[in-house]
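Notes follow the structure.
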Amino acid sequence: MIYIFPLDSLFIVRGPNPPASRPKLLRSAAAALYGCAIKAFTPRAMPRRTAAAGERFARRTAPPEVECDFRAAHSPASACGSMAAERAALFAGFRALGRYSSHVPHVLRYHGRHREFYVATAVGRSVHTYNVKKLGIVAVSNALLQDITCLAADRMLIFASYGNVFHAIARNKEVVHTYEGHKARIHLLQPFGDHIISVDVANVLIVWDIQSEEEYLQVVFDKATFAVSAILHPSTYLNKILLGSEQGGLQLWNIRSNKLLYSFPGWGLGVTTLAQAPAVDVIAVGLVSGHIIIHNIKFDETLMKFQQDWGPITAISFRTDGHPVMAAGSPVGHIALWDLEEKKLMSQMRNAHSTAVAGMSFVPGEPLLITNGADNAIRVWIFDGPGGTGRVLRSRMGHSAPPTKIRYHGQNGEQILSAGQDGTLQSFSTVHERFNKSLGRGSINKKKSKKKGLQHDTMALPPITAFASEVAHQNDWDGIIACHQGYITCTTWNYQKTSMGAHKLRPEEFSKNKPIDIYATAVDITTCGNFAVIGMSTGQVDVYNMQSGIHRGRYGREKAHEGSIRGVAVDGLNQLTITAGSDGLIKFWKFKAKDLVHSTDLSSSPSGILLHRDSGILGIAFDDFSISVLDIETWKIVRKFSGHHGRINDMTFSPDGRWLITSSMDCTIKTWDLPSGCLIDCFLLDSAAVSLTMSPTGDFLASAHVDDLGIYLWSNRSLYSLVSLRPLPADYEPSVITLPGTCPLQDVDVAEGEDKCDEMIEYDSPEQLGEQLVTLSLLPESRWKNLLSLDVIKKKNKPREPPKVPTSAPFFIPTVPGLIPRYAAPEQDNDTQSKVVNIGVLAQKSDFYVHLEEALSTNEYTAPLNLLKDLGPSNIEIELRSLAPEGGGSLEVMLSFLRMIGMMLNKKYNFEIAQAYLALFLKLHLKIISSEPSLLEEISVLSKQLEETWIHLRSLFNQSLCVLTYMKSALL
């Protein structure tokens, strides 16, 4: 059978490849039937980028029954029953967006072979590695069992701890060593040559051998007198480490001999961090009081002291490019820069992070400072301005608080708008991180907000709870409308300018006073991008112009609903406005005239609505955890779903309107099939999804979760693999699925220097799909189609003889001596030699000839066939001509060639070139074949094989043409 799958305006033909004479007939028949073009795909000609996308083209929109037929035709057993038994989830975890950093300090590493610096950060249970040059992610480690709490690195390995266990990660990905022995949580790690030192909160220090994973030394400290809070290996101090304590004292230990060499009395305040200065024997000690002590540990002498007023010192780093500058971090996100020569504060970098500065590292020999913090941000600062102040050179930042609402922006499925509890609106790209944008934080007065700073900004708006966006006129005016938590004013945002817009929309009667108990609850924007519809907690629904911000009317005399507005929506043609209120009513209004058209009484109070504009279906979520689907043309509820056991947080439709996907506080994400009215997919997560959005292209589902900073992408497996879409039973228990991690765009082996790149992977199918199918060779037609016409082609391409120059007559014409004068005839050259050369004596055996001789004994014809497929038409003719005895060949080699053709016909692959080679062979050696009995016998066997194969193909073509003709007549 030949299977035809619809794909938009293109139909893809799957099945046996038709011969060269049939595709035109098949295309014309299908074009008459479907009115579109047909393209034939062979199994090998389907490239893909991931291992999961091999069959995307053929199975993209095929109905379930056709999928079952396709599987039955191409698998040994019936696949319909087996797929129902072993059901796969509809969505598979793909990658996470917007996760960059945590409260764990980063580590900086230098790769000698790459001559490049890399920074590693802990993000959840994985380690992310970025290059400092472009701050692009190059590797993501395998996920550990719990969130990482401590990080360290040496030249080859990265060490990450959680709980009382820590691991060694090689090549930035694989866990190669596990160290278990602590009984309390590990909070300090320090690489030390071939060893690694770990300290837990119970004050136990263990020195491990990295390769053998065995304990080398264990030291237990008295927590009352010396609670270890910081650790450092001083430069040039062999086998020695320096420990800082919460009591303020320091101790210098020799690890090899297990001896305490010296105790420093300290300064009576707890030590938070230790840092090595560029000078030998000099270290910087950060204290909980905000003091920084520059101390010489060789002579136990304090060189200088500094003090910050922002709380304990969280990180210290020294500049090593010729400027005596020290940078110190604080818990409020400020960075202080100290001049070590003049011993004074040089400058301040306020609000470098919105949370505490977790890690800080100056790049050796460069004026670059790398910082990270718990605000989910990594920043690279460059010091090239006057006064020694740094500016942001590169940064990667996400939400510092969990997202509240996410929506795809535009129709290409490459940008996701996200509003977070931190008050910012950001755009994350699904293609590459360099396309991420931050639209900033909402503010009542931007100028005042800049003056007061981030920490003391009283003009900041509350977090965004709902927003809507359109791209129709985003180049001309603002294209995003948003409402804020408990705030009456709605704001506009400009995606192109990546900033807050020019208008603040609120009802006219509240333009002067700001009531506390009235706020905007729902917003929507029209498809054209000209109007915004805003619903209020009082039941009012207003329309505003997005370009000018002018109020354009209100639905109802005073109120559209008696209760709070739970949702507003406008259809695709700006004909209807749909409002839902807490009074349990869904109302339909004329968009322009503002007149009420229809009102539908619901069984319960709705918690939210979502309109699919292309199909005109409205999804309604209720407070009783049920879902209904309403047709806006007939004003009737066409589907009802129940099954969630918690508040429904969000809904999204598939692009074709076939699926409704919902998330609930019961931590499940369910997919409902609207045509059948059944639940077709459900999976359980560790945390509830607060917002969902489906890509306009249908390839990804994006979700945001409770207490999670990331946005997670789930790939739609129905686009590239077989997924059973049968209804789930009523007692179906979903399985728990872990959230996906960040997928790197390019993996760089920082440890060993093996560069890896994301290359195009070709799907390589087997030579033959089935015993009854015929496979073509995929060679271009120029290689085999004109083999029988080579003599004609050479004759046409032969250049004409150039005109000969006549021989010049001699000055004295020679005569024959005698009585009668006669002219002498010109002498003839009788020394001409024959140009016919005996090739059989001079020619050497070619590789093709040698392999054919070997195949007589081994019966393996793959090698000579591959050699012949690589040759051009002229070379093929030369090889076949040389098989005859007069060309230097033999009858045995001719017999071997015929057996090679027979093998190709038996296996039914390379079908077209087998016939082309056989036709040329018969044309060249027909006289010899007719006179040799062994060759005649082999030719008769090939004739029967050809006849059987063509009869089978002819029956398949006739059957397919019959079906197409019948369907065409039925439609007409």
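Within each chain, counting starts at residue 1; across the structure tokens, chains are named A, B, ... in the order shown, with ligands numbered 1 upward in that order.
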
>> With only C-alpha atoms as the counted atoms, please give the residues lying no more than 8 Å from range 604-619 of chain A, apart from itself and same-chain residues fewer than 2 positions off, as a PyMOL selection string.
In response: chain A and resi 566-572+580-585+602+621-624+627-633+648+650-653+656-657+660

Please write the residues from the selection above to a file, keeping N, CA and C atoms, as a tab-separated table (two decimals), in the first residue's frame.
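Contents of again-v4.tsv, freshly written:
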chain	number	residue	atom	x	y	z
A	566	ARG	N	-14.00	37.90	36.10
A	566	ARG	CA	-13.04	36.80	36.15
A	566	ARG	C	-12.30	36.60	34.81
A	567	GLY	N	-12.81	37.18	33.76
A	567	GLY	CA	-12.14	37.01	32.47
A	567	GLY	C	-12.81	37.80	31.38
A	568	VAL	N	-12.04	38.33	30.43
A	568	VAL	CA	-12.56	39.03	29.27
A	568	VAL	C	-11.86	38.48	28.03
A	569	ALA	N	-12.57	38.49	26.90
A	569	ALA	CA	-12.00	38.00	25.64
A	569	ALA	C	-12.71	38.66	24.49
A	570	VAL	N	-11.98	38.89	23.40
A	570	VAL	CA	-12.51	39.47	22.17
A	570	VAL	C	-12.25	38.50	21.04
A	571	ASP	N	-13.24	38.28	20.17
A	571	ASP	CA	-13.06	37.33	19.08
A	571	ASP	C	-12.11	37.88	18.03
A	572	GLY	N	-11.78	37.04	17.04
A	572	GLY	CA	-10.78	37.41	16.06
A	572	GLY	C	-11.20	38.50	15.10
A	580	ALA	N	-16.83	37.22	31.74
A	580	ALA	CA	-17.25	36.25	32.75
A	580	ALA	C	-17.11	36.89	34.11
A	581	GLY	N	-18.14	36.74	34.94
A	581	GLY	CA	-18.14	37.35	36.26
A	581	GLY	C	-18.31	36.34	37.36
A	582	SER	N	-18.00	36.76	38.57
A	582	SER	CA	-18.16	35.88	39.73
A	582	SER	C	-19.62	35.63	40.05
A	583	ASP	N	-20.56	36.35	39.38
A	583	ASP	CA	-21.99	36.10	39.57
A	583	ASP	C	-22.46	34.88	38.81
A	584	GLY	N	-21.56	34.15	38.15
A	584	GLY	CA	-21.93	32.92	37.46
A	584	GLY	C	-22.52	33.14	36.08
A	585	LEU	N	-22.24	34.27	35.44
A	585	LEU	CA	-22.77	34.58	34.12
A	585	LEU	C	-21.65	34.76	33.11
A	602	LEU	N	-24.28	30.01	34.24
A	602	LEU	CA	-23.43	28.86	34.49
A	602	LEU	C	-23.82	28.18	35.80
A	621	ALA	N	-13.00	27.68	33.22
A	621	ALA	CA	-12.61	26.97	34.43
A	621	ALA	C	-13.47	27.46	35.59
A	622	PHE	N	-13.95	26.53	36.43
A	622	PHE	CA	-14.88	26.86	37.50
A	622	PHE	C	-14.21	26.70	38.86
A	623	ASP	N	-14.84	27.30	39.85
A	623	ASP	CA	-14.33	27.20	41.21
A	623	ASP	C	-14.49	25.80	41.79
A	624	ASP	N	-15.37	24.98	41.21
A	624	ASP	CA	-15.56	23.61	41.69
A	624	ASP	C	-14.62	22.64	40.99
A	627	ILE	N	-14.34	21.96	34.22
A	627	ILE	CA	-14.03	22.73	33.02
A	627	ILE	C	-15.16	22.53	32.03
A	628	SER	N	-15.53	23.60	31.36
A	628	SER	CA	-16.54	23.53	30.30
A	628	SER	C	-16.00	24.22	29.06
A	629	VAL	N	-16.50	23.78	27.92
A	629	VAL	CA	-16.13	24.37	26.64
A	629	VAL	C	-17.40	24.88	25.99
A	630	LEU	N	-17.40	26.16	25.60
A	630	LEU	CA	-18.58	26.82	25.07
A	630	LEU	C	-18.31	27.27	23.65
A	631	ASP	N	-19.30	27.08	22.78
A	631	ASP	CA	-19.23	27.53	21.39
A	631	ASP	C	-19.80	28.94	21.33
A	632	ILE	N	-19.00	29.93	20.92
A	632	ILE	CA	-19.44	31.32	20.96
A	632	ILE	C	-20.42	31.64	19.83
A	633	GLU	N	-20.54	30.76	18.85
A	633	GLU	CA	-21.52	31.00	17.78
A	633	GLU	C	-22.91	30.55	18.18
A	648	ILE	N	-7.95	25.22	39.46
A	648	ILE	CA	-7.37	25.24	38.11
A	648	ILE	C	-6.64	26.57	37.93
A	650	ASP	N	-4.47	27.50	35.19
A	650	ASP	CA	-4.37	28.08	33.86
A	650	ASP	C	-4.82	27.05	32.83
A	651	MET	N	-5.10	27.55	31.62
A	651	MET	CA	-5.52	26.72	30.49
A	651	MET	C	-4.82	27.21	29.24
A	652	THR	N	-4.69	26.32	28.26
A	652	THR	CA	-4.18	26.70	26.95
A	652	THR	C	-4.71	25.73	25.91
A	653	PHE	N	-4.91	26.23	24.70
A	653	PHE	CA	-5.39	25.42	23.59
A	653	PHE	C	-4.21	25.06	22.68
A	656	ASP	N	-4.48	24.06	16.69
A	656	ASP	CA	-5.62	23.67	15.87
A	656	ASP	C	-6.92	23.62	16.66
A	657	GLY	N	-6.87	23.90	17.96
A	657	GLY	CA	-8.08	23.89	18.78
A	657	GLY	C	-8.58	22.51	19.12
A	660	LEU	N	-7.38	20.85	24.77
A	660	LEU	CA	-7.41	21.83	25.84
A	660	LEU	C	-6.54	21.29	26.97

Where does DSSP see strand (DSSP E) in range 458-649 of chain A, if you list the residues as a compact mmCIF listing (two decimals) with C-alpha atoms, in the first residue's frame?
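The new file states-v9.txt reads:
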# COMPACT_ATOMS: atom_id res chain seq x y z
CA ILE A 464 1.75 41.59 37.08
CA THR A 465 -1.09 39.08 37.46
CA ALA A 466 -2.41 39.00 33.87
CA PHE A 467 -1.34 40.39 30.52
CA ALA A 468 -2.11 40.09 26.82
CA SER A 469 0.04 40.87 23.79
CA ILE A 480 1.19 44.65 25.58
CA ILE A 481 -1.44 45.39 28.22
CA ALA A 482 -0.99 44.23 31.83
CA CYS A 483 -2.86 44.47 35.13
CA HIS A 484 -1.13 44.40 38.51
CA CYS A 490 -3.27 48.89 33.96
CA THR A 491 0.03 49.51 32.19
CA THR A 492 1.09 49.22 28.58
CA TRP A 493 4.47 47.83 27.50
CA ASN A 494 6.48 48.17 24.32
CA SER A 499 10.41 49.12 28.25
CA MET A 500 7.23 50.17 29.96
CA GLY A 501 4.82 51.93 27.61
CA ALA A 502 3.49 55.45 27.48
CA HIS A 503 -0.02 54.89 28.91
CA LYS A 504 -1.48 54.04 32.29
CA LEU A 505 -5.10 53.04 31.87
CA ALA A 520 -8.12 45.39 37.63
CA THR A 521 -8.63 41.65 37.37
CA ALA A 522 -8.57 40.71 33.67
CA VAL A 523 -7.27 42.16 30.40
CA ASP A 524 -7.33 41.31 26.70
CA ILE A 525 -6.11 42.95 23.51
CA PHE A 531 -7.93 48.18 21.54
CA ALA A 532 -7.54 46.84 25.06
CA VAL A 533 -10.41 45.49 27.18
CA ILE A 534 -10.01 45.72 30.95
CA GLY A 535 -12.20 44.08 33.60
CA MET A 536 -12.40 45.41 37.16
CA VAL A 541 -15.47 46.38 31.69
CA ASP A 542 -13.84 49.26 29.79
CA VAL A 543 -12.33 49.60 26.32
CA TYR A 544 -9.25 51.75 25.64
CA ASN A 545 -7.32 52.69 22.53
CA HIS A 551 -11.26 55.57 26.89
CA ARG A 552 -13.55 54.21 24.16
CA GLY A 553 -16.55 52.98 26.12
CA ARG A 554 -17.94 50.67 28.78
CA ILE A 565 -14.76 40.16 36.46
CA ARG A 566 -13.04 36.80 36.15
CA GLY A 567 -12.14 37.01 32.47
CA VAL A 568 -12.56 39.03 29.27
CA ALA A 569 -12.00 38.00 25.64
CA VAL A 570 -12.51 39.47 22.17
CA LEU A 576 -18.01 40.00 20.07
CA THR A 577 -16.66 40.73 23.53
CA ILE A 578 -17.08 37.94 26.08
CA THR A 579 -17.05 38.64 29.80
CA ALA A 580 -17.25 36.25 32.75
CA GLY A 581 -18.14 37.35 36.26
CA LEU A 585 -22.77 34.58 34.12
CA ILE A 586 -21.09 34.58 30.73
CA LYS A 587 -22.17 37.58 28.67
CA PHE A 588 -21.72 38.31 24.97
CA TRP A 589 -21.52 41.96 23.88
CA LYS A 590 -21.23 43.69 20.55
CA LEU A 596 -25.65 42.93 25.27
CA VAL A 597 -26.29 40.11 22.80
CA HIS A 598 -26.69 37.06 25.01
CA SER A 599 -26.19 35.92 28.58
CA THR A 600 -25.52 32.35 29.70
CA ASP A 601 -26.11 31.22 33.26
CA PRO A 606 -16.02 30.75 36.80
CA SER A 607 -12.43 31.26 37.87
CA GLY A 608 -11.14 32.11 34.40
CA ILE A 609 -11.82 31.90 30.67
CA LEU A 610 -9.70 31.36 27.58
CA LEU A 611 -10.79 31.92 23.98
CA HIS A 612 -9.38 30.13 20.93
CA ILE A 617 -14.41 27.92 21.31
CA LEU A 618 -14.24 29.24 24.86
CA GLY A 619 -12.68 27.32 27.73
CA ILE A 620 -14.19 28.04 31.15
CA ALA A 621 -12.61 26.97 34.43
CA PHE A 622 -14.88 26.86 37.50
CA ILE A 627 -14.03 22.73 33.02
CA SER A 628 -16.54 23.53 30.30
CA VAL A 629 -16.13 24.37 26.64
CA LEU A 630 -18.58 26.82 25.07
CA ASP A 631 -19.23 27.53 21.39
CA LYS A 636 -24.03 26.54 24.10
CA ILE A 637 -21.75 24.44 26.25
CA VAL A 638 -20.51 21.61 24.06
CA ARG A 639 -18.11 19.80 26.42
CA LYS A 640 -17.78 19.30 30.16
CA PHE A 641 -14.70 17.89 31.88
CA ILE A 648 -7.37 25.24 38.11
CA ASN A 649 -4.50 27.66 37.62

List as a tab-separated table every residue of range 206-324 of chain A that is in contact with range 180-189 of chain A, defined as an atom at most 9 Å from one of its atoms (using only C-alpha atoms), together with the nearest atom pair and the distance in Å rounded to one decimal, sorted by chain and then rising number.
residue	atom	partner	partner_atom	distance
A:Ile206	CA	A:His182	CA	8.2
A:Glu213	CA	A:Glu180	CA	8.5
A:Glu215	CA	A:Gly181	CA	8.4
A:Val228	CA	A:Leu188	CA	9.0
A:Ser229	CA	A:Leu188	CA	7.9
A:Ala230	CA	A:Leu188	CA	7.2
A:Ile231	CA	A:Leu188	CA	7.3

Any chance you can output those residues with N, CA and C atoms as a PDB file, in the first residue's frame?
ATOM      1  N   ILE A 206      37.355  16.531  56.610  1.00  0.00           N
ATOM      2  CA  ILE A 206      37.844  15.283  56.030  1.00  0.00           C
ATOM      3  C   ILE A 206      38.633  15.616  54.773  1.00  0.00           C
ATOM      4  N   GLU A 213      38.731   7.833  46.282  1.00  0.00           N
ATOM      5  CA  GLU A 213      37.536   8.158  47.060  1.00  0.00           C
ATOM      6  C   GLU A 213      37.675   7.726  48.520  1.00  0.00           C
ATOM      7  N   GLU A 215      39.249   8.234  52.536  1.00  0.00           N
ATOM      8  CA  GLU A 215      39.629   9.275  53.482  1.00  0.00           C
ATOM      9  C   GLU A 215      41.139   9.233  53.730  1.00  0.00           C
ATOM     10  N   VAL A 228      34.425  26.032  62.224  1.00  0.00           N
ATOM     11  CA  VAL A 228      35.010  26.380  60.929  1.00  0.00           C
ATOM     12  C   VAL A 228      33.956  27.046  60.044  1.00  0.00           C
ATOM     13  N   SER A 229      34.266  28.234  59.551  1.00  0.00           N
ATOM     14  CA  SER A 229      33.336  28.980  58.696  1.00  0.00           C
ATOM     15  C   SER A 229      33.936  29.364  57.351  1.00  0.00           C
ATOM     16  N   ALA A 230      35.257  29.222  57.183  1.00  0.00           N
ATOM     17  CA  ALA A 230      35.910  29.568  55.922  1.00  0.00           C
ATOM     18  C   ALA A 230      37.186  28.748  55.805  1.00  0.00           C
ATOM     19  N   ILE A 231      37.571  28.487  54.553  1.00  0.00           N
ATOM     20  CA  ILE A 231      38.768  27.684  54.296  1.00  0.00           C
ATOM     21  C   ILE A 231      39.502  28.256  53.098  1.00  0.00           C
TER      22      ILE A 231
END

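Closest approach to Glu932 in chain A among A:Thr236, A:Ser777, A:Ser890, A:Ser969 is made by A:Ser890 (distances from only C-alpha atoms).
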
For Lys305 in chain A, list every protein, DNA or RNA residue within 7 Å, evaluated using only C-alpha atoms, and leave out those in the same chain fewer than 4 positions away; present the list as a PDB file with N, CA and C atoms, in the first residue's frame.
ATOM      1  N   HIS A 291      33.759  44.417  58.398  1.00  0.00           N
ATOM      2  CA  HIS A 291      35.164  44.785  58.332  1.00  0.00           C
ATOM      3  C   HIS A 291      35.903  43.848  57.385  1.00  0.00           C
ATOM      4  N   ILE A 292      36.911  44.388  56.717  1.00  0.00           N
ATOM      5  CA  ILE A 292      37.811  43.614  55.868  1.00  0.00           C
ATOM      6  C   ILE A 292      39.220  43.838  56.388  1.00  0.00           C
ATOM      7  N   ILE A 293      39.886  42.737  56.744  1.00  0.00           N
ATOM      8  CA  ILE A 293      41.226  42.805  57.301  1.00  0.00           C
ATOM      9  C   ILE A 293      42.217  42.289  56.270  1.00  0.00           C
ATOM     10  N   ILE A 294      43.187  43.096  55.894  1.00  0.00           N
ATOM     11  CA  ILE A 294      44.290  42.656  55.036  1.00  0.00           C
ATOM     12  C   ILE A 294      45.439  42.260  55.961  1.00  0.00           C
TER      13      ILE A 294
END

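Between Pro515 in chain A and the candidates A:Ser347, A:Thr527, A:Ser703, A:Thr538, the tightest atom-to-atom separation, counting only C-alpha atoms, involves A:Thr538.
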
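Straight-line separation from CA of Leu679 in chain A to CA of Arg647 in chain A: 17.9 Å.
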